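Q: Provided herewith: run14.pdb, PDB, C-alpha atoms, pLDDT in the B column.
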MODEL        1
ATOM      1  CA  MET O  24       0.000   0.000   0.000  1.00 48.00           C
ATOM      2  CA  LYS O  25       2.895   2.317   0.628  1.00 56.00           C
ATOM      3  CA  ALA O  26       4.204   1.771  -2.883  1.00 58.00           C
ATOM      4  CA  SER O  27       0.836   2.673  -4.432  1.00 64.00           C
ATOM      5  CA  SER O  28       0.619   5.934  -2.436  1.00 64.00           C
ATOM      6  CA  ALA O  29       4.112   6.881  -3.587  1.00 64.00           C
ATOM      7  CA  VAL O  30       3.062   6.156  -7.179  1.00 67.00           C
ATOM      8  CA  TRP O  31      -0.045   8.316  -6.720  1.00 68.00           C
ATOM      9  CA  ALA O  32       2.020  11.157  -5.253  1.00 69.00           C
ATOM     10  CA  ALA O  33       4.494  10.945  -8.142  1.00 69.00           C
ATOM     11  CA  ALA O  34       1.658  10.849 -10.680  1.00 70.00           C
ATOM     12  CA  LEU O  35      -0.012  13.900  -9.123  1.00 69.00           C
ATOM     13  CA  PHE O  36       3.289  15.741  -9.060  1.00 71.00           C
ATOM     14  CA  ALA O  37       3.960  14.947 -12.722  1.00 69.00           C
ATOM     15  CA  ALA O  38       0.428  15.947 -13.753  1.00 68.00           C
ATOM     16  CA  GLY O  39       0.676  19.255 -11.887  1.00 65.00           C
ATOM     17  CA  PHE O  40       4.077  19.986 -13.368  1.00 67.00           C
ATOM     18  CA  ALA O  41       2.826  19.233 -16.882  1.00 65.00           C
ATOM     19  CA  ALA O  42      -0.254  21.437 -16.405  1.00 62.00           C
ATOM     20  CA  GLY O  43       1.853  24.291 -15.051  1.00 61.00           C
ATOM     21  CA  TYR O  44       4.354  24.000 -17.891  1.00 60.00           C
ATOM     22  CA  GLY O  45       1.558  24.017 -20.458  1.00 57.00           C
ATOM     23  CA  LEU O  46      -0.131  27.115 -18.960  1.00 55.00           C
ATOM     24  CA  ARG O  47       3.015  29.152 -18.253  1.00 54.00           C
ATOM     25  CA  GLY O  48       2.383  31.764 -20.965  1.00 50.00           C
ATOM     26  CA  SER O  49      -1.298  32.209 -20.182  1.00 47.00           C
ATOM     27  CA  GLY O  50      -1.252  35.900 -19.309  1.00 51.00           C
ATOM     28  CA  GLY O  51       0.653  38.946 -18.168  1.00 53.00           C
ATOM     29  CA  VAL O  52       0.565  41.249 -15.207  1.00 56.00           C
ATOM     30  CA  ALA O  53      -0.388  44.842 -15.974  1.00 60.00           C
ATOM     31  CA  VAL O  54       2.491  47.150 -15.106  1.00 67.00           C
ATOM     32  CA  ARG O  55       2.029  50.881 -14.536  1.00 74.00           C
ATOM     33  CA  PRO O  56       3.983  53.160 -16.847  1.00 77.00           C
ATOM     34  CA  GLU O  57       6.697  55.270 -15.249  1.00 80.00           C
ATOM     35  CA  VAL O  58       6.222  59.013 -15.796  1.00 81.00           C
ATOM     36  CA  ARG O  59       9.359  61.168 -15.781  1.00 83.00           C
ATOM     37  CA  VAL O  60       9.129  64.974 -15.678  1.00 82.00           C
ATOM     38  CA  ILE O  61      12.241  66.846 -16.778  1.00 83.00           C
ATOM     39  CA  THR O  62      12.318  70.619 -16.196  1.00 81.00           C
ATOM     40  CA  LEU O  63      14.280  72.570 -18.783  1.00 79.00           C
ATOM     41  CA  ARG O  64      15.326  76.158 -18.130  1.00 75.00           C
ATOM     42  CA  ASP O  65      15.761  78.414 -21.150  1.00 78.00           C
ATOM     43  CA  THR O  66      17.562  81.750 -20.963  1.00 76.00           C
ATOM     44  CA  VAL O  67      16.462  84.486 -23.344  1.00 74.00           C
ATOM     45  CA  THR O  68      18.887  87.420 -23.553  1.00 76.00           C
ATOM     46  CA  VAL O  69      17.912  90.662 -25.289  1.00 74.00           C
ATOM     47  CA  ALA O  70      20.814  93.085 -25.809  1.00 74.00           C
ATOM     48  CA  GLU O  71      19.943  96.805 -25.987  1.00 74.00           C
ATOM     49  CA  PRO O  72      16.228  96.581 -26.709  1.00 77.00           C
ATOM     50  CA  ALA O  73      14.505  99.615 -28.235  1.00 78.00           C
ATOM     51  CA  PRO O  74      11.506 101.178 -26.452  1.00 81.00           C
ATOM     52  CA  VAL O  75       8.120 100.729 -28.088  1.00 84.00           C
ATOM     53  CA  GLU O  76       6.416 103.489 -26.114  1.00 84.00           C
ATOM     54  CA  VAL O  77       7.659 106.544 -24.180  1.00 84.00           C
ATOM     55  CA  ARG O  78       5.450 108.550 -21.784  1.00 83.00           C
ATOM     56  CA  TYR O  79       6.540 111.882 -20.362  1.00 83.00           C
ATOM     57  CA  LEU O  80       5.805 112.299 -16.673  1.00 81.00           C
ATOM     58  CA  LYS O  81       5.773 115.245 -14.305  1.00 83.00           C
ATOM     59  CA  PRO O  82       9.333 116.640 -13.989  1.00 82.00           C
ATOM     60  CA  ASP O  83      11.314 116.093 -10.788  1.00 81.00           C
ATOM     61  CA  THR O  84      12.552 119.217  -9.038  1.00 84.00           C
ATOM     62  CA  VAL O  85      15.995 118.745  -7.585  1.00 83.00           C
ATOM     63  CA  ARG O  86      18.315 121.111  -5.752  1.00 85.00           C
ATOM     64  CA  LEU O  87      21.680 121.356  -7.505  1.00 82.00           C
ATOM     65  CA  ALA O  88      24.762 123.182  -6.332  1.00 80.00           C
ATOM     66  CA  ILE O  89      26.177 125.887  -8.587  1.00 78.00           C
ATOM     67  CA  VAL O  90      29.904 125.673  -8.518  1.00 74.00           C
ATOM     68  CA  ALA O  91      31.572 129.035  -9.122  1.00 67.00           C
ATOM     69  CA  PRO O  92      35.112 129.483 -10.368  1.00 66.00           C
ATOM     70  CA  THR O  93      37.795 129.185  -7.675  1.00 63.00           C
ATOM     71  CA  ASP O  94      38.291 132.934  -7.460  1.00 61.00           C
ATOM     72  CA  SER O  95      34.627 133.411  -6.479  1.00 60.00           C
ATOM     73  CA  ALA O  96      33.759 134.107  -2.898  1.00 61.00           C
ATOM     74  CA  GLY O  97      30.930 131.622  -2.390  1.00 61.00           C
ATOM     75  CA  GLN O  98      28.775 128.825  -3.656  1.00 65.00           C
ATOM     76  CA  ASP O  99      25.102 128.869  -4.374  1.00 77.00           C
ATOM     77  CA  SER O 100      22.385 126.378  -5.276  1.00 81.00           C
ATOM     78  CA  ALA O 101      19.348 126.352  -7.513  1.00 84.00           C
ATOM     79  CA  TYR O 102      16.226 124.237  -7.992  1.00 86.00           C
ATOM     80  CA  VAL O 103      16.182 122.597 -11.416  1.00 86.00           C
ATOM     81  CA  GLY O 104      13.331 120.669 -13.009  1.00 86.00           C
ATOM     82  CA  LEU O 105      14.547 117.418 -14.573  1.00 85.00           C
ATOM     83  CA  PRO O 106      12.312 115.846 -17.205  1.00 86.00           C
ATOM     84  CA  ARG O 107      11.106 112.350 -16.376  1.00 85.00           C
ATOM     85  CA  SER O 108       9.762 109.744 -18.725  1.00 86.00           C
ATOM     86  CA  GLN O 109       8.634 106.152 -18.623  1.00 86.00           C
ATOM     87  CA  ALA O 110       9.695 103.819 -21.405  1.00 86.00           C
ATOM     88  CA  VAL O 111       8.070 100.493 -22.221  1.00 86.00           C
ATOM     89  CA  PHE O 112      10.326  97.826 -23.710  1.00 83.00           C
ATOM     90  CA  GLU O 113       8.458  94.907 -25.170  1.00 82.00           C
ATOM     91  CA  GLY O 114       9.312  91.795 -27.149  1.00 78.00           C
ATOM     92  CA  GLU O 115       7.857  88.407 -27.941  1.00 76.00           C
ATOM     93  CA  SER O 116       8.559  87.007 -24.501  1.00 74.00           C
ATOM     94  CA  TYR O 117       9.083  90.024 -22.238  1.00 79.00           C
ATOM     95  CA  ARG O 118       7.769  93.430 -21.160  1.00 82.00           C
ATOM     96  CA  ALA O 119       9.761  95.903 -19.053  1.00 84.00           C
ATOM     97  CA  TYR O 120       8.939  99.391 -17.710  1.00 84.00           C
ATOM     98  CA  VAL O 121      11.779 101.795 -16.938  1.00 86.00           C
ATOM     99  CA  SER O 122      11.273 105.345 -15.716  1.00 83.00           C
ATOM    100  CA  GLY O 123      13.457 108.253 -14.666  1.00 81.00           C
ATOM    101  CA  TYR O 124      15.702 110.805 -16.302  1.00 79.00           C
ATOM    102  CA  LYS O 125      16.664 109.510 -19.792  1.00 77.00           C
ATOM    103  CA  PRO O 126      15.570 105.913 -19.124  1.00 76.00           C
ATOM    104  CA  ARG O 127      17.452 103.203 -20.916  1.00 76.00           C
ATOM    105  CA  LEU O 128      17.359  99.454 -20.573  1.00 76.00           C
ATOM    106  CA  ASP O 129      20.839  98.040 -21.016  1.00 73.00           C
ATOM    107  CA  SER O 130      19.944  94.352 -21.145  1.00 73.00           C
ATOM    108  CA  LEU O 131      17.231  91.971 -20.135  1.00 75.00           C
ATOM    109  CA  ALA O 132      17.542  88.263 -19.277  1.00 75.00           C
ATOM    110  CA  LEU O 133      14.511  86.057 -18.844  1.00 77.00           C
ATOM    111  CA  PHE O 134      14.491  82.548 -17.432  1.00 74.00           C
ATOM    112  CA  ARG O 135      11.634  80.376 -18.665  1.00 77.00           C
ATOM    113  CA  SER O 136      10.973  76.904 -17.348  1.00 76.00           C
ATOM    114  CA  THR O 137       9.506  74.239 -19.585  1.00 79.00           C
ATOM    115  CA  ALA O 138       8.413  70.813 -18.433  1.00 79.00           C
ATOM    116  CA  ALA O 139       9.072  67.860 -20.712  1.00 79.00           C
ATOM    117  CA  VAL O 140       7.085  64.772 -19.760  1.00 80.00           C
ATOM    118  CA  SER O 141       8.162  61.351 -20.940  1.00 79.00           C
ATOM    119  CA  VAL O 142       6.251  58.157 -20.300  1.00 78.00           C
ATOM    120  CA  VAL O 143       8.239  54.941 -20.091  1.00 77.00           C
ATOM    121  CA  GLN O 144       6.183  51.789 -20.554  1.00 75.00           C
ATOM    122  CA  PRO O 145       7.948  48.841 -18.901  1.00 74.00           C
ATOM    123  CA  GLU O 146       7.556  45.368 -20.310  1.00 73.00           C
ATOM    124  CA  ALA O 147       4.756  43.304 -18.816  1.00 69.00           C
ATOM    125  CA  ARG O 148       5.884  40.426 -16.645  1.00 69.00           C
ATOM    126  CA  ARG O 149       4.549  36.997 -17.263  1.00 71.00           C
ATOM    127  CA  GLU O 150       2.085  35.777 -14.700  1.00 72.00           C
ATOM    128  CA  ARG O 151       2.712  32.237 -13.558  1.00 76.00           C
ATOM    129  CA  ARG O 152      -0.270  30.407 -12.281  1.00 78.00           C
ATOM    130  CA  PHE O 153       1.371  27.226 -11.058  1.00 81.00           C
ATOM    131  CA  SER O 154       4.485  26.919  -8.942  1.00 83.00           C
ATOM    132  CA  VAL O 155       6.447  24.325  -7.062  1.00 83.00           C
ATOM    133  CA  GLY O 156       7.499  25.176  -3.554  1.00 82.00           C
ATOM    134  CA  LEU O 157       8.114  24.127   0.003  1.00 82.00           C
ATOM    135  CA  GLN O 158       4.869  23.480   1.829  1.00 82.00           C
ATOM    136  CA  ALA O 159       3.824  22.759   5.361  1.00 82.00           C
ATOM    137  CA  GLY O 160       0.395  21.808   6.560  1.00 82.00           C
ATOM    138  CA  TYR O 161      -1.985  18.861   6.799  1.00 79.00           C
ATOM    139  CA  GLY O 162      -2.160  16.241   4.108  1.00 77.00           C
ATOM    140  CA  ILE O 163      -4.092  13.088   3.361  1.00 78.00           C
ATOM    141  CA  THR O 164      -1.950  10.020   3.938  1.00 78.00           C
ATOM    142  CA  PRO O 165      -2.794   6.296   4.097  1.00 82.00           C
ATOM    143  CA  LYS O 166      -3.051   6.788   7.881  1.00 84.00           C
ATOM    144  CA  GLY O 167      -5.509   9.696   7.562  1.00 81.00           C
ATOM    145  CA  LEU O 168      -4.935  13.455   7.987  1.00 83.00           C
ATOM    146  CA  GLN O 169      -1.461  14.147   9.294  1.00 84.00           C
ATOM    147  CA  PRO O 170       0.859  17.149   9.414  1.00 85.00           C
ATOM    148  CA  TYR O 171       3.538  17.139   6.745  1.00 80.00           C
ATOM    149  CA  ILE O 172       6.417  19.189   5.356  1.00 82.00           C
ATOM    150  CA  GLY O 173       7.528  18.690   1.792  1.00 82.00           C
ATOM    151  CA  LEU O 174       7.544  19.837  -1.799  1.00 83.00           C
ATOM    152  CA  GLY O 175       4.239  20.599  -3.422  1.00 81.00           C
ATOM    153  CA  ILE O 176       2.511  22.178  -6.392  1.00 82.00           C
ATOM    154  CA  SER O 177       0.475  25.295  -5.724  1.00 81.00           C
ATOM    155  CA  VAL O 178      -2.015  27.197  -7.858  1.00 81.00           C
ATOM    156  CA  THR O 179      -2.153  30.996  -7.584  1.00 79.00           C
ATOM    157  CA  LEU O 180      -5.736  32.066  -7.052  1.00 76.00           C
ATOM    158  CA  ALA O 181      -5.189  35.792  -6.347  1.00 72.00           C
ATOM    159  CA  ARG O 182      -2.273  38.248  -6.086  1.00 70.00           C
ATOM    160  CA  PHE O 183      -2.057  41.000  -3.485  1.00 65.00           C
TER
ENDMDL
END
Can you turn what I pasted into structure tokens?
A:
Amino acid sequence: MKASSAVWAAALFAAGFAAGYGLRGSGGVAVRPEVRVITLRDTVTVAEPAPVEVRYLKPDTVRLAIVAPTDSAGQDSAYVGLPRSQAVFEGESYRAYVSGYKPRLDSLALFRSTAAVSVVQPEARRERRFSVGLQAGYGITPKGLQPYIGLGISVTLARF
């Protein structure tokens, strides 16, 4: 009787192995794509831009010293009105306002950030439904239900 149970165990093992080998390519596991965001920083430099609009504002009154020749006895001061204006410098990707006495914009540098998104799709892994592994538990033997430890074939019912 012991020989027949060993034959049955071997037959079940061989049948499970054959079924698992035949079903090994039965499906794949869905894998999430990996999203990579790369931030690029562009620098736009505009050298000596020309104003597109000039507005004349109320003049500033400033007190200036009048310097007399060295043989003069004293110094004096006077209030002088300085003309003020506001200039608008504008281009495709910038706008700048400069105001004061003879406004001039020497240079302008803009830093623009652009996001480039790339999606990487990894290869799907094969899902294996049957496996052979070390098992421990209760099994049916010629003597009834008994605890056992050994090799066994398992079927994957669900993945977590």
Q: CA of Val121 in chain O and CA of Thr68 in chain O are how many Å apart?
A: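 Between these atoms lies a distance of 17.3 Å.
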Q: Here's the selection I'm unsure about, the PyMOL selection byres ((chain O and resi 127-134) around 6); applied to the file above, which residues does it give, as an MDAnalysis selection string?
A: chainID O and resid 65:71 126 135
Q: Edge lengths and centre, in Å to one decimal, as AutoDock Vina command-line options: that's what I need for the box along x, y and z that holds all listed atoms of range 168-177 of chain O plus 4 Å on each side.
A:
--center_x 1.3 --center_y 19.4 --center_z 1.5 --size_x 20.5 --size_y 19.8 --size_z 23.8
Q: Please write as a count of residues only the full residue list that the PyMOL selection byres ((chain O and resi 63) around 7) yields on this file.
A: 7
Q: Report as a list of chain:residue names all protein, DNA and RNA residues lying within 12 Å of Ala181 in chain O, evaluated on all atoms listed in the file, omitting residues in the same chain fewer than 6 positions from it.
A: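 Those residues are O:Val52, O:Glu150, O:Arg151, O:Arg152, O:Phe153.
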Q: I need the output of the PyMOL selection byres ((chain O and resi 157) around 9) for this file as a ChimeraX atom specification; which residues are they?
A: /O:155-156,158-159,172-176
Q: What separation in Å, quoted to one decimal, exists between CA of Val178 in chain O and CA of Ile163 in chain O?
A: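 Going from CA of Val178 in chain O over to CA of Ile163 in chain O, I get 18.1 Å.
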Q: Take range 129-160 of chain O from the block and save it with N, CA, C and O atoms, as a compact mmCIF listing (two decimals), in the first residue's frame.
A:
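Dumped to part.txt:
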# COMPACT_ATOMS: atom_id res chain seq x y z
N ASP O 129 19.59 98.54 -20.45
CA ASP O 129 20.84 98.04 -21.02
C ASP O 129 20.70 96.61 -21.51
O ASP O 129 21.13 96.28 -22.61
N SER O 130 20.15 95.74 -20.71
CA SER O 130 19.94 94.35 -21.15
C SER O 130 18.84 93.74 -20.30
O SER O 130 18.50 94.24 -19.24
N LEU O 131 18.33 92.65 -20.80
CA LEU O 131 17.23 91.97 -20.14
C LEU O 131 17.45 90.47 -20.31
O LEU O 131 17.69 90.01 -21.42
N ALA O 132 17.41 89.73 -19.21
CA ALA O 132 17.54 88.26 -19.28
C ALA O 132 16.31 87.65 -18.63
O ALA O 132 15.94 88.01 -17.53
N LEU O 133 15.69 86.74 -19.34
CA LEU O 133 14.51 86.06 -18.84
C LEU O 133 14.82 84.58 -18.71
O LEU O 133 15.51 84.00 -19.55
N PHE O 134 14.29 83.97 -17.66
CA PHE O 134 14.49 82.55 -17.43
C PHE O 134 13.12 81.89 -17.49
O PHE O 134 12.28 82.14 -16.64
N ARG O 135 12.91 81.07 -18.50
CA ARG O 135 11.63 80.38 -18.66
C ARG O 135 11.84 78.91 -18.37
O ARG O 135 12.81 78.31 -18.82
N SER O 136 10.91 78.34 -17.65
CA SER O 136 10.97 76.90 -17.35
C SER O 136 9.95 76.17 -18.21
O SER O 136 8.82 76.61 -18.35
N THR O 137 10.38 75.08 -18.78
CA THR O 137 9.51 74.24 -19.59
C THR O 137 9.58 72.83 -19.03
O THR O 137 10.65 72.35 -18.69
N ALA O 138 8.44 72.18 -18.94
CA ALA O 138 8.41 70.81 -18.43
C ALA O 138 8.25 69.86 -19.61
O ALA O 138 7.35 70.00 -20.42
N ALA O 139 9.16 68.91 -19.70
CA ALA O 139 9.07 67.86 -20.71
C ALA O 139 8.68 66.57 -20.00
O ALA O 139 9.34 66.14 -19.06
N VAL O 140 7.60 65.98 -20.41
CA VAL O 140 7.09 64.77 -19.76
C VAL O 140 7.33 63.59 -20.69
O VAL O 140 6.98 63.63 -21.86
N SER O 141 7.96 62.57 -20.16
CA SER O 141 8.16 61.35 -20.94
C SER O 141 7.55 60.18 -20.18
O SER O 141 7.65 60.10 -18.96
N VAL O 142 6.89 59.32 -20.90
CA VAL O 142 6.25 58.16 -20.30
C VAL O 142 7.00 56.92 -20.76
O VAL O 142 7.17 56.69 -21.95
N VAL O 143 7.49 56.16 -19.80
CA VAL O 143 8.24 54.94 -20.09
C VAL O 143 7.34 53.76 -19.76
O VAL O 143 6.89 53.61 -18.63
N GLN O 144 7.04 52.95 -20.75
CA GLN O 144 6.18 51.79 -20.55
C GLN O 144 7.07 50.57 -20.35
O GLN O 144 7.71 50.09 -21.28
N PRO O 145 7.14 50.04 -19.12
CA PRO O 145 7.95 48.84 -18.90
C PRO O 145 7.28 47.62 -19.51
O PRO O 145 6.08 47.61 -19.77
N GLU O 146 8.08 46.60 -19.74
CA GLU O 146 7.56 45.37 -20.31
C GLU O 146 6.71 44.64 -19.27
O GLU O 146 7.01 44.65 -18.08
N ALA O 147 5.64 44.04 -19.73
CA ALA O 147 4.76 43.30 -18.82
C ALA O 147 5.44 42.00 -18.41
O ALA O 147 6.05 41.32 -19.23
N ARG O 148 5.33 41.69 -17.14
CA ARG O 148 5.88 40.43 -16.64
C ARG O 148 4.88 39.31 -16.88
O ARG O 148 3.68 39.53 -16.86
N ARG O 149 5.42 38.15 -17.08
CA ARG O 149 4.55 37.00 -17.26
C ARG O 149 3.99 36.56 -15.92
O ARG O 149 4.71 36.48 -14.93
N GLU O 150 2.72 36.27 -15.91
CA GLU O 150 2.09 35.78 -14.70
C GLU O 150 2.13 34.26 -14.72
O GLU O 150 1.72 33.63 -15.68
N ARG O 151 2.66 33.70 -13.66
CA ARG O 151 2.71 32.24 -13.56
C ARG O 151 1.63 31.79 -12.60
O ARG O 151 1.54 32.28 -11.48
N ARG O 152 0.85 30.87 -13.07
CA ARG O 152 -0.27 30.41 -12.28
C ARG O 152 0.09 29.24 -11.37
O ARG O 152 -0.40 29.13 -10.27
N PHE O 153 0.96 28.38 -11.84
CA PHE O 153 1.37 27.23 -11.06
C PHE O 153 2.80 27.42 -10.61
O PHE O 153 3.61 28.03 -11.30
N SER O 154 3.11 26.87 -9.43
CA SER O 154 4.49 26.92 -8.94
C SER O 154 4.75 25.70 -8.06
O SER O 154 3.83 25.06 -7.56
N VAL O 155 6.02 25.42 -7.92
CA VAL O 155 6.45 24.33 -7.06
C VAL O 155 7.19 24.97 -5.90
O VAL O 155 8.04 25.84 -6.10
N GLY O 156 6.85 24.56 -4.69
CA GLY O 156 7.50 25.18 -3.55
C GLY O 156 7.45 24.31 -2.32
O GLY O 156 6.84 23.24 -2.30
N LEU O 157 8.09 24.80 -1.28
CA LEU O 157 8.11 24.13 0.00
C LEU O 157 6.78 24.40 0.69
O LEU O 157 6.32 25.53 0.73
N GLN O 158 6.18 23.34 1.20
CA GLN O 158 4.87 23.48 1.83
C GLN O 158 4.89 22.85 3.20
O GLN O 158 5.66 21.93 3.46
N ALA O 159 4.02 23.34 4.04
CA ALA O 159 3.82 22.76 5.36
C ALA O 159 2.34 22.82 5.66
O ALA O 159 1.67 23.78 5.31
N GLY O 160 1.81 21.80 6.25
CA GLY O 160 0.39 21.81 6.56
C GLY O 160 -0.10 20.40 6.86
O GLY O 160 0.66 19.54 7.28
